[in-house]
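K.L.:
To be precise about what I am sending: the file is called start_25.txt and holds compact mmCIF, C-alpha atoms.
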# COMPACT_ATOMS: atom_id res chain seq x y z
CA MET A 1 -30.58 39.30 -19.63
CA PHE A 2 -31.38 35.74 -18.67
CA LYS A 3 -33.36 34.80 -15.55
CA LEU A 4 -31.33 33.97 -12.44
CA ASN A 5 -32.31 30.86 -10.51
CA ALA A 6 -33.41 31.24 -6.90
CA LEU A 7 -30.41 29.14 -5.76
CA ILE A 8 -27.08 29.38 -7.55
CA PRO A 9 -24.04 27.66 -6.03
CA GLU A 10 -20.79 29.61 -6.25
CA LEU A 11 -17.72 27.39 -6.32
CA THR A 12 -14.28 28.55 -5.29
CA VAL A 13 -11.71 27.22 -7.75
CA LEU A 14 -7.92 27.24 -7.71
CA ASP A 15 -7.41 27.98 -11.43
CA ILE A 16 -10.24 29.75 -13.28
CA ASN A 17 -8.78 28.86 -16.69
CA LYS A 18 -8.55 25.15 -15.87
CA SER A 19 -12.12 25.22 -14.50
CA LEU A 20 -13.45 27.12 -17.51
CA ASN A 21 -11.84 24.59 -19.84
CA PHE A 22 -13.46 21.75 -17.89
CA TYR A 23 -16.95 23.27 -17.65
CA LEU A 24 -17.07 24.72 -21.18
CA ASN A 25 -15.24 22.12 -23.26
CA ILE A 26 -15.87 18.84 -21.45
CA LEU A 27 -19.28 19.49 -19.86
CA GLN A 28 -20.58 21.91 -22.51
CA PHE A 29 -21.72 24.65 -20.12
CA ASN A 30 -22.17 28.16 -21.51
CA ILE A 31 -20.80 31.42 -20.13
CA GLU A 32 -23.69 33.73 -19.26
CA TYR A 33 -21.32 36.49 -18.18
CA GLU A 34 -17.90 36.90 -16.66
CA ARG A 35 -15.76 39.41 -14.82
CA ARG A 36 -12.28 38.55 -16.00
CA GLU A 37 -10.65 41.11 -13.72
CA GLU A 38 -12.20 39.27 -10.74
CA ARG A 39 -11.55 35.82 -12.25
CA PHE A 40 -15.29 35.07 -12.05
CA ALA A 41 -17.79 33.44 -14.43
CA MET A 42 -21.51 32.69 -14.38
CA LEU A 43 -22.18 29.40 -16.19
CA SER A 44 -25.28 27.55 -17.30
CA LEU A 45 -26.27 24.17 -18.70
CA ASN A 46 -29.92 23.75 -19.63
CA ASP A 47 -31.79 25.11 -16.57
CA SER A 48 -28.85 24.77 -14.16
CA GLN A 49 -26.60 27.65 -13.16
CA ILE A 50 -23.36 27.84 -11.21
CA MET A 51 -20.83 30.55 -10.54
CA ILE A 52 -17.11 29.90 -10.33
CA GLU A 53 -14.53 32.27 -8.89
CA GLU A 54 -10.82 31.82 -8.44
CA ARG A 55 -9.84 31.62 -4.78
CA ASN A 56 -9.46 35.09 -3.27
CA GLY A 57 -10.14 34.56 0.45
CA ASN A 58 -13.46 36.44 0.44
CA TRP A 59 -15.77 33.48 1.08
CA GLU A 60 -13.56 31.16 3.11
CA THR A 61 -14.96 30.14 6.48
CA GLY A 62 -12.29 27.59 7.30
CA SER A 63 -9.41 25.60 5.87
CA LEU A 64 -9.79 25.09 2.13
CA THR A 65 -8.07 21.92 0.99
CA TYR A 66 -8.70 19.48 -1.83
CA PRO A 67 -11.23 18.01 -2.41
CA PHE A 68 -13.44 21.07 -2.08
CA GLY A 69 -17.14 20.75 -1.32
CA ARG A 70 -16.90 17.77 1.00
CA GLY A 71 -20.30 16.51 2.04
CA ILE A 72 -22.24 17.83 -0.94
CA ASN A 73 -22.93 16.70 -4.47
CA LEU A 74 -24.57 18.93 -7.01
CA GLN A 75 -27.25 17.22 -9.09
CA ILE A 76 -27.44 18.81 -12.52
CA ALA A 77 -30.42 17.93 -14.71
CA VAL A 78 -29.54 17.41 -18.37
CA ASN A 79 -31.53 16.70 -21.51
CA ASP A 80 -29.09 14.27 -23.18
CA ILE A 81 -27.02 12.43 -20.61
CA ASP A 82 -25.64 9.94 -23.13
CA GLU A 83 -24.09 12.71 -25.24
CA LEU A 84 -22.61 14.40 -22.16
CA TYR A 85 -21.23 11.12 -20.82
CA LYS A 86 -19.72 10.36 -24.22
CA ASN A 87 -17.96 13.74 -24.19
CA VAL A 88 -16.55 13.05 -20.70
CA ILE A 89 -15.21 9.67 -21.91
CA ILE A 90 -13.81 11.10 -25.18
CA ASN A 91 -11.90 13.67 -23.12
CA ASP A 92 -10.55 10.86 -20.94
CA TYR A 93 -11.91 12.55 -17.82
CA PRO A 94 -12.16 10.29 -14.74
CA VAL A 95 -15.64 9.06 -13.83
CA LYS A 96 -16.36 8.41 -10.15
CA ILE A 97 -19.62 6.48 -10.69
CA GLU A 98 -20.34 5.15 -14.17
CA ILE A 99 -23.60 5.93 -15.94
CA GLU A 100 -26.50 3.90 -14.56
CA GLU A 101 -30.24 3.93 -13.98
CA ASN A 102 -31.42 4.51 -10.42
CA TRP A 103 -34.89 4.60 -8.92
CA TYR A 104 -35.61 6.68 -5.83
CA ARG A 105 -38.74 6.41 -3.67
CA ALA A 106 -40.75 9.61 -3.35
CA ASP A 107 -43.76 8.83 -1.14
CA ASP A 108 -45.77 6.22 -3.10
CA LYS A 109 -43.84 6.51 -6.40
CA LEU A 110 -40.44 5.71 -7.78
CA LEU A 111 -38.61 8.43 -9.68
CA GLY A 112 -36.19 7.20 -12.32
CA LEU A 113 -32.91 8.87 -13.20
CA LYS A 114 -30.13 7.92 -15.54
CA GLU A 115 -27.04 9.42 -13.92
CA PHE A 116 -23.28 9.46 -13.46
CA LEU A 117 -20.93 11.17 -11.03
CA ILE A 118 -17.64 12.98 -11.60
CA MET A 119 -15.42 15.33 -9.61
CA ASP A 120 -14.50 18.67 -11.12
CA PRO A 121 -10.81 19.76 -11.09
CA ASP A 122 -11.20 21.12 -7.53
CA GLY A 123 -12.98 18.06 -6.15
CA TYR A 124 -16.63 19.20 -6.24
CA LEU A 125 -18.92 16.23 -6.85
CA LEU A 126 -21.16 16.70 -9.87
CA ARG A 127 -24.02 14.26 -10.44
CA PHE A 128 -25.52 14.58 -13.89
CA ALA A 129 -29.04 13.19 -14.14
CA GLN A 130 -31.69 12.73 -16.81
CA ASP A 131 -35.31 11.97 -15.91
CA ILE A 132 -36.41 8.54 -17.16
CA GLY A 133 -39.90 8.54 -15.72
CA GLU A 134 -41.94 7.36 -12.77
CA ALA A 135 -43.12 3.97 -11.58
CA GLU A 136 -45.57 2.79 -8.95
CA LEU A 137 -44.23 1.02 -5.87
Starting from the file, lay out its structure as structure tokens.
P.N.:
Amino acid sequence: MFKLNALIPELTVLDINKSLNFYLNILQFNIEYERREERFAMLSLNDSQIMIEERNGNWETGSLTYPFGRGINLQIAVNDIDELYKNVIINDYPVKIEIEENWYRADDKLLGLKEFLIMDPDGYLLRFAQDIGEAEL
């Protein structure tokens, strides 16, 4: 069996089949395992892992309305952001923030990321990022 990350977000989704289509076919995630009877799947892309489960009321702490995951975006490190972005565009999936290079200060360095942002079918913000190096301030 594969190694589980120390932190794995589990996303409640409204339609597991729609979400699986999105994550597997558009974003090229892999299924690590699933429990079809529970409408649950463990997914991975490179070193990132997420779990998705169709809404069942078990984890709800308040009103659950679209867009889900307000106040959070999940940064997902990828090895080939251009290929992933191309697949999103080919599938005519809406992009919230187009692909761009950004530099973020980390103490006395700048960390470079090439990234873009989309919302999954349930409104979770996904920020795909590829490391493009460091620079001095």
K.L.:
Ranking A:Glu34, A:Asp47, A:Glu134, A:Glu53 by minimum distance to Leu113 of chain A and counting all atoms listed in the file, which one comes first?
P.N.:
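Once distances to Leu113 of chain A are computed over all atoms listed in the file, the minimum belongs to A:Glu134.
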K.L.:
Using all atoms listed in the file, which of the listed residues (A:Asn73, A:Gln130, A:Ser48, A:Asn91) sits closest to Ala6 of chain A?
P.N.:
A:Ser48
K.L.:
Taking all atoms listed in the file into account, which of A:Ile81, A:Leu24, A:Leu137, A:Ile132 comes nearest Leu117 of chain A?
P.N.:
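Checking each candidate against Leu117 of chain A, we get A:Ile81 as the closest.
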K.L.:
How many Å separate atom CA of Arg105 of chain A from atom CA of Leu74 of chain A?
P.N.:
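So the answer is 19.2 Å.
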K.L.:
How many Å separate atom CA of Leu11 of chain A from atom CA of Ile50 of chain A?
P.N.:
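Calculated distance between atom CA of Leu11 of chain A and atom CA of Ile50 of chain A is 7.5 Å.
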K.L.:
For a test of reading the model, state the distance in Å between atom CA of Leu14 of chain A and atom CA of Gly69 of chain A, rounded to one decimal.
P.N.:
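Between atom CA of Leu14 of chain A and atom CA of Gly69 of chain A the gap is 13.0 Å.
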K.L.:
For Asn46 of chain A, work out the shell of residues within 12 Å, counting only C-alpha atoms and skipping chain neighbours fewer than 5 positions away, then give it as a list of chain:residue names.
P.N.:
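That gives A:Asn5, A:Leu27, A:Gln28, A:Phe29, A:Asn30, A:Ile31, A:Glu32, A:Ile76, A:Ala77, A:Val78, A:Asn79, A:Asp80, A:Ile81, A:Phe128, A:Ala129, A:Gln130.
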K.L.:
Using only C-alpha atoms, please write the residues we just selected to a file, as a PDB file, in the frame of the given file.
P.N.:
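The resulting selection05.pdb:
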ATOM      1  CA  ASN A   5     -32.310  30.860 -10.510  1.00  0.00           C
ATOM      2  CA  LEU A  27     -19.280  19.490 -19.860  1.00  0.00           C
ATOM      3  CA  GLN A  28     -20.580  21.910 -22.510  1.00  0.00           C
ATOM      4  CA  PHE A  29     -21.720  24.650 -20.120  1.00  0.00           C
ATOM      5  CA  ASN A  30     -22.170  28.160 -21.510  1.00  0.00           C
ATOM      6  CA  ILE A  31     -20.800  31.420 -20.130  1.00  0.00           C
ATOM      7  CA  GLU A  32     -23.690  33.730 -19.260  1.00  0.00           C
ATOM      8  CA  ILE A  76     -27.440  18.810 -12.520  1.00  0.00           C
ATOM      9  CA  ALA A  77     -30.420  17.930 -14.710  1.00  0.00           C
ATOM     10  CA  VAL A  78     -29.540  17.410 -18.370  1.00  0.00           C
ATOM     11  CA  ASN A  79     -31.530  16.700 -21.510  1.00  0.00           C
ATOM     12  CA  ASP A  80     -29.090  14.270 -23.180  1.00  0.00           C
ATOM     13  CA  ILE A  81     -27.020  12.430 -20.610  1.00  0.00           C
ATOM     14  CA  PHE A 128     -25.520  14.580 -13.890  1.00  0.00           C
ATOM     15  CA  ALA A 129     -29.040  13.190 -14.140  1.00  0.00           C
ATOM     16  CA  GLN A 130     -31.690  12.730 -16.810  1.00  0.00           C
TER      17      GLN A 130
END
K.L.:
Of the candidates A:Glu98, A:Asp122, A:Glu115, A:Asp131, which shows the shortest atom-to-atom distance to Leu20 of chain A, using only C-alpha atoms?
P.N.:
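Counting only C-alpha atoms, the residue closest to Leu20 of chain A is A:Asp122.
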K.L.:
From the list A:Gly71, A:Lys109, A:Arg55, A:Asp82, which residue is nearest Leu126 of chain A when using all atoms listed in the file?
P.N.:
A:Gly71
